[in-house]
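Undergrad: Okay, so here is run33.pdb, and as you'll see once you scroll down, it has PDB, C-alpha atoms.
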ATOM      1  CA  GLN A   1       0.000   0.000   0.000
ATOM      2  CA  VAL A   2       1.461   3.313  -1.100
ATOM      3  CA  GLN A   3       1.409   6.185   1.351
ATOM      4  CA  LEU A   4       2.758   9.710   1.049
ATOM      5  CA  VAL A   5       2.371  11.553   4.332
ATOM      6  CA  GLU A   6       3.028  15.277   4.442
ATOM      7  CA  SER A   7       3.802  17.180   7.607
ATOM      8  CA  GLY A   8       5.184  20.528   8.699
ATOM      9  CA  GLY A   9       2.413  22.842   7.590
ATOM     10  CA  GLY A  10       0.964  25.509   9.822
ATOM     11  CA  LEU A  11       0.409  29.189  10.388
ATOM     12  CA  VAL A  12       3.335  31.573   9.983
ATOM     13  CA  GLN A  13       3.759  35.309   9.611
ATOM     14  CA  ALA A  14       4.921  36.836   6.364
ATOM     15  CA  GLY A  15       8.680  36.646   6.098
ATOM     16  CA  GLY A  16       8.821  33.475   8.151
ATOM     17  CA  SER A  17       9.889  29.952   7.262
ATOM     18  CA  LEU A  18       8.459  26.460   7.275
ATOM     19  CA  ARG A  19       9.847  23.099   6.269
ATOM     20  CA  LEU A  20       7.475  20.555   4.820
ATOM     21  CA  SER A  21       8.259  16.859   4.842
ATOM     22  CA  CYS A  22       6.753  14.035   2.831
ATOM     23  CA  ALA A  23       7.468  10.514   4.013
ATOM     24  CA  ALA A  24       6.873   7.809   1.437
ATOM     25  CA  SER A  25       6.176   4.125   1.904
ATOM     26  CA  GLY A  26       5.146   1.357  -0.457
ATOM     27  CA  ILE A  27       7.237   2.682  -3.347
ATOM     28  CA  ILE A  28      10.873   2.328  -4.355
ATOM     29  CA  PHE A  29      11.638   5.887  -3.353
ATOM     30  CA  SER A  30      15.009   6.132  -5.053
ATOM     31  CA  ILE A  31      13.578   5.639  -8.544
ATOM     32  CA  ASN A  32      10.810   8.158  -8.094
ATOM     33  CA  GLY A  33      10.876  11.775  -9.040
ATOM     34  CA  MET A  34       9.218  13.834  -6.323
ATOM     35  CA  ARG A  35       7.185  17.009  -6.621
ATOM     36  CA  TRP A  36       5.447  19.539  -4.450
ATOM     37  CA  TYR A  37       2.224  21.078  -5.688
ATOM     38  CA  ARG A  38      -0.029  23.608  -4.016
ATOM     39  CA  GLN A  39      -3.641  24.612  -4.362
ATOM     40  CA  ALA A  40      -5.062  27.857  -3.045
ATOM     41  CA  PRO A  41      -8.816  28.320  -2.567
ATOM     42  CA  GLY A  42     -10.540  28.863  -5.886
ATOM     43  CA  LYS A  43      -7.372  28.214  -7.876
ATOM     44  CA  GLN A  44      -5.959  25.332  -9.845
ATOM     45  CA  ARG A  45      -3.326  23.082  -8.379
ATOM     46  CA  GLU A  46       0.113  24.272  -9.466
ATOM     47  CA  LEU A  47       3.542  22.711  -9.506
ATOM     48  CA  VAL A  48       5.854  24.401  -7.019
ATOM     49  CA  ALA A  49       9.053  22.359  -7.114
ATOM     50  CA  SER A  50      10.367  19.070  -8.381
ATOM     51  CA  ILE A  51      13.408  16.878  -7.863
ATOM     52  CA  THR A  52      14.454  14.005 -10.071
ATOM     53  CA  ARG A  53      15.760  10.679  -8.838
ATOM     54  CA  GLY A  54      19.193  12.012  -9.687
ATOM     55  CA  GLY A  55      18.706  15.148  -7.607
ATOM     56  CA  SER A  56      18.103  17.739 -10.311
ATOM     57  CA  THR A  57      15.676  20.417  -9.178
ATOM     58  CA  ASN A  58      13.232  22.798 -10.784
ATOM     59  CA  TYR A  59      11.070  25.573  -9.348
ATOM     60  CA  ALA A  60       8.112  27.711 -10.256
ATOM     61  CA  ASP A  61       9.170  31.287 -10.906
ATOM     62  CA  SER A  62       7.023  32.462  -7.999
ATOM     63  CA  VAL A  63       9.084  30.514  -5.451
ATOM     64  CA  LYS A  64      12.530  30.540  -7.024
ATOM     65  CA  ASP A  65      15.231  31.697  -4.594
ATOM     66  CA  ARG A  66      12.833  31.293  -1.650
ATOM     67  CA  PHE A  67      11.992  27.577  -1.656
ATOM     68  CA  THR A  68      14.374  24.609  -1.723
ATOM     69  CA  ILE A  69      13.389  21.034  -2.482
ATOM     70  CA  SER A  70      15.607  18.185  -1.306
ATOM     71  CA  ARG A  71      15.402  14.471  -0.761
ATOM     72  CA  ASP A  72      16.856  11.896   1.601
ATOM     73  CA  ASN A  73      16.667   8.491  -0.040
ATOM     74  CA  ALA A  74      17.785   6.756   3.158
ATOM     75  CA  LYS A  75      14.695   8.144   4.893
ATOM     76  CA  ASN A  76      12.334   7.897   1.896
ATOM     77  CA  THR A  77      11.536  11.546   2.482
ATOM     78  CA  VAL A  78      11.338  14.675   0.387
ATOM     79  CA  TYR A  79      11.466  18.147   1.910
ATOM     80  CA  LEU A  80      10.406  21.621   0.937
ATOM     81  CA  GLN A  81      12.193  24.398   2.793
ATOM     82  CA  MET A  82      10.152  27.574   2.430
ATOM     83  CA  ASN A  83      11.734  30.892   3.366
ATOM     84  CA  SER A  84      10.564  34.493   3.061
ATOM     85  CA  LEU A  85       6.985  33.323   2.981
ATOM     86  CA  LYS A  86       4.322  35.597   1.544
ATOM     87  CA  PRO A  87       0.551  35.634   2.047
ATOM     88  CA  GLU A  88       0.184  34.443  -1.553
ATOM     89  CA  ASP A  89       1.983  31.226  -0.583
ATOM     90  CA  THR A  90      -1.086  30.267   1.451
ATOM     91  CA  ALA A  91      -2.383  26.971   0.087
ATOM     92  CA  VAL A  92      -2.680  23.274   0.695
ATOM     93  CA  TYR A  93       0.641  21.722  -0.266
ATOM     94  CA  TYR A  94       0.672  18.261  -1.790
ATOM     95  CA  CYS A  95       3.461  15.789  -2.301
ATOM     96  CA  TYR A  96       3.501  13.728  -5.496
ATOM     97  CA  SER A  97       5.687  10.815  -6.523
ATOM     98  CA  ILE A  98       6.246   9.693 -10.086
ATOM     99  CA  ASN A  99       8.010   6.490 -11.026
ATOM    100  CA  SER A 100      10.797   7.391 -13.448
ATOM    101  CA  PHE A 101      10.234   4.248 -15.505
ATOM    102  CA  THR A 102       6.484   3.557 -15.432
ATOM    103  CA  THR A 103       5.265   7.147 -14.725
ATOM    104  CA  GLN A 104       2.903   5.735 -12.087
ATOM    105  CA  GLY A 105       2.092   8.581  -9.737
ATOM    106  CA  TYR A 106       0.702   8.948  -6.239
ATOM    107  CA  TRP A 107      -0.551  11.885  -4.185
ATOM    108  CA  GLY A 108      -0.277  12.675  -0.539
ATOM    109  CA  GLN A 109      -3.220  13.992   1.444
ATOM    110  CA  GLY A 110      -1.912  17.555   1.672
ATOM    111  CA  THR A 111      -0.847  19.891   4.438
ATOM    112  CA  GLN A 112      -2.174  23.405   4.995
ATOM    113  CA  VAL A 113       0.192  26.366   4.928
ATOM    114  CA  THR A 114      -1.221  29.719   5.973
ATOM    115  CA  VAL A 115       0.852  32.891   5.808
ATOM    116  CA  SER A 116      -0.541  35.904   7.611
ATOM    117  CA  SER A 117       0.287  39.465   6.617
TER     118      SER A 117
END
Could you show the structure in this file as structure tokens?

TA:
Amino acid sequence: QVQLVESGGGLVQAGGSLRLSCAASGIIFSINGMRWYRQAPGKQRELVASITRGGSTNYADSVKDRFTISRDNAKNTVYLQMNSLKPEDTAVYYCYSINSFTTQGYWGQGTQVTVSS
């Protein structure tokens, strides 16, 4: 049974930081690309950051230089370090895994991030 469990969300003031974690089980983590998406109320889900199985990263322009995605294959965990948070970063953040060979993907349940002004 595949599980992606996000944690680390919460309420923070603008300019603050949070670190999200996504712990994976039931997949071969090391061969999966990992992504963080977010969805704000009334908006479409958008890709925030991604990391390949080899460690290459990519970011949405809106979070570049503020957010950092990383992975620890020994812990089957992907992280999203979020600095200089803005009210517009408020959203539910979702973890997503994608098998590099089969493209099978799985979603986590999401974690709420709220940034107050």

Undergrad: If you measure from atom CA of A:Val48 to atom CA of A:Trp36, what distance in Å do you get, rounded to one decimal?

TA: 5.5 Å

Undergrad: Point out the residue among A:Arg53, A:Arg66, A:Lys75, A:Arg35 with the least atom-to-atom distance to A:Asp89, counting only C-alpha atoms.

TA: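 So, comparing all the options, the nearest one is A:Arg66.
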
Undergrad: Take atom CA of A:Thr111 and atom CA of A:Ala23 and report the distance between them in Å, one decimal.

TA: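 Those two atoms sit 12.5 Å apart.
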
Undergrad: Taking the file as I've supplied it (selection: the PyMOL selection byres ((chain A and resi 4-8) around 8)), which residues are included? Please answer as a PyMOL selection string.

TA: chain A and resi 2-3+9-10+18-25+94-96+106-111

Undergrad: Between atom CA of A:Ala49 and atom CA of A:Val115, what is the distance in Å, rounded to a tenth?

TA: 18.6 Å

Undergrad: Starting from the PyMOL selection byres ((chain A and resi 13) around 12), expand the selection into actual residues of this file and give them as a list in words.

TA: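 When the PyMOL selection byres ((chain A and resi 13) around 12) is applied, the selected residues are Gly10, Leu11, Val12, Ala14, Gly15, Gly16, Ser17, Leu18, Asn83, Ser84, Leu85, Lys86, Pro87, Glu88, Asp89, Thr90, Val113, Thr114, Val115, Ser116 and Ser117 of chain A.
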
Undergrad: I'd like the box whose edges run along x, y and z of the file and which contains every listed atom of stretch 37-51 of chain A, padded by 3 Å per side; could you state its centre and edge lengths in Å, one decimal, as AutoDock Vina command-line options?

TA:
--center_x 1.4 --center_y 22.9 --center_z -6.2 --size_x 29.9 --size_y 18.0 --size_z 13.3

Undergrad: Can you tell me, as a list in words, what residues are no more than 10 Å from A:Thr68 when counting only C-alpha atoms, ignoring any on the same chain fewer than 5 positions away?

TA: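 My list of contacting residues is Arg19, Ala49, Ser50, Ile51, Thr57, Asn58, Tyr59, Val63, Tyr79, Leu80, Gln81, Met82 and Asn83 of chain A.
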
Undergrad: Choose the residue, out of A:Gln104, A:Gln39, A:Gln1, A:Asn32, that has the smallest atom-to-atom separation from A:Val92; count only C-alpha atoms.

TA: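 Closest residue, counting only C-alpha atoms: A:Gln39.
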
Undergrad: For A:Arg71, which of A:Ala40, A:Ala91, A:Ile98, A:Met34 is the closest residue, counting all atoms listed in the file?

TA: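 Closest residue, counting all atoms listed in the file: A:Met34.
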
Undergrad: Counting all atoms listed in the file, which of A:Tyr93, A:Asp65, A:Gly42, A:Thr52 gets nearest to A:Gln112?

TA: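 So, comparing all the options, the nearest one is A:Tyr93.
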
Undergrad: Of the residues A:Ile31, A:Ser100, A:Gly26, A:Ser70, which is the one nearest to A:Gly55, using only C-alpha atoms?

TA: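 Closest to A:Gly55, using only C-alpha atoms: A:Ser70.
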
Undergrad: Restricting the calculation to all atoms listed in the file, which member of A:Thr102, A:Ser97, A:Ser56, A:Ser30 is positioned closest to A:Ala74?

TA: A:Ser30

Undergrad: Return stretch 43-60 of chain A, completed with N, CA and C atoms, as a short mmCIF file (atom, residue, chain, number, x, y, z; two decimals), in the frame of the given file.

TA:
data_model
loop_
_atom_site.label_atom_id
_atom_site.label_comp_id
_atom_site.auth_asym_id
_atom_site.auth_seq_id
_atom_site.Cartn_x
_atom_site.Cartn_y
_atom_site.Cartn_z
N LYS A 43 -8.39 28.24 -6.82
CA LYS A 43 -7.37 28.21 -7.88
C LYS A 43 -7.02 26.78 -8.25
N GLN A 44 -6.40 26.65 -9.40
CA GLN A 44 -5.96 25.33 -9.85
C GLN A 44 -4.71 24.90 -9.09
N ARG A 45 -4.55 23.61 -8.99
CA ARG A 45 -3.33 23.08 -8.38
C ARG A 45 -2.15 23.43 -9.28
N GLU A 46 -1.06 23.89 -8.68
CA GLU A 46 0.11 24.27 -9.47
C GLU A 46 1.36 23.59 -8.93
N LEU A 47 2.27 23.32 -9.85
CA LEU A 47 3.54 22.71 -9.51
C LEU A 47 4.45 23.77 -8.90
N VAL A 48 4.99 23.46 -7.73
CA VAL A 48 5.85 24.40 -7.02
C VAL A 48 7.33 24.06 -7.21
N ALA A 49 7.66 22.78 -7.03
CA ALA A 49 9.05 22.36 -7.11
C ALA A 49 9.11 20.88 -7.43
N SER A 50 10.19 20.48 -8.06
CA SER A 50 10.37 19.07 -8.38
C SER A 50 11.83 18.69 -8.22
N ILE A 51 12.06 17.41 -7.96
CA ILE A 51 13.41 16.88 -7.86
C ILE A 51 13.41 15.51 -8.51
N THR A 52 14.37 15.29 -9.39
CA THR A 52 14.45 14.00 -10.07
C THR A 52 15.11 12.97 -9.18
N ARG A 53 15.10 11.72 -9.63
CA ARG A 53 15.76 10.68 -8.84
C ARG A 53 17.25 10.94 -8.75
N GLY A 54 17.77 11.68 -9.71
CA GLY A 54 19.19 12.01 -9.69
C GLY A 54 19.52 13.26 -8.90
N GLY A 55 18.48 13.97 -8.43
CA GLY A 55 18.71 15.15 -7.61
C GLY A 55 18.62 16.48 -8.32
N SER A 56 18.28 16.47 -9.61
CA SER A 56 18.10 17.74 -10.31
C SER A 56 16.80 18.39 -9.87
N THR A 57 16.83 19.71 -9.70
CA THR A 57 15.68 20.42 -9.18
C THR A 57 15.14 21.45 -10.16
N ASN A 58 13.87 21.77 -9.97
CA ASN A 58 13.23 22.80 -10.78
C ASN A 58 12.18 23.48 -9.92
N TYR A 59 11.97 24.78 -10.17
CA TYR A 59 11.07 25.57 -9.35
C TYR A 59 10.16 26.45 -10.19
N ALA A 60 8.97 26.70 -9.66
CA ALA A 60 8.11 27.71 -10.26
C ALA A 60 8.76 29.08 -10.06
#
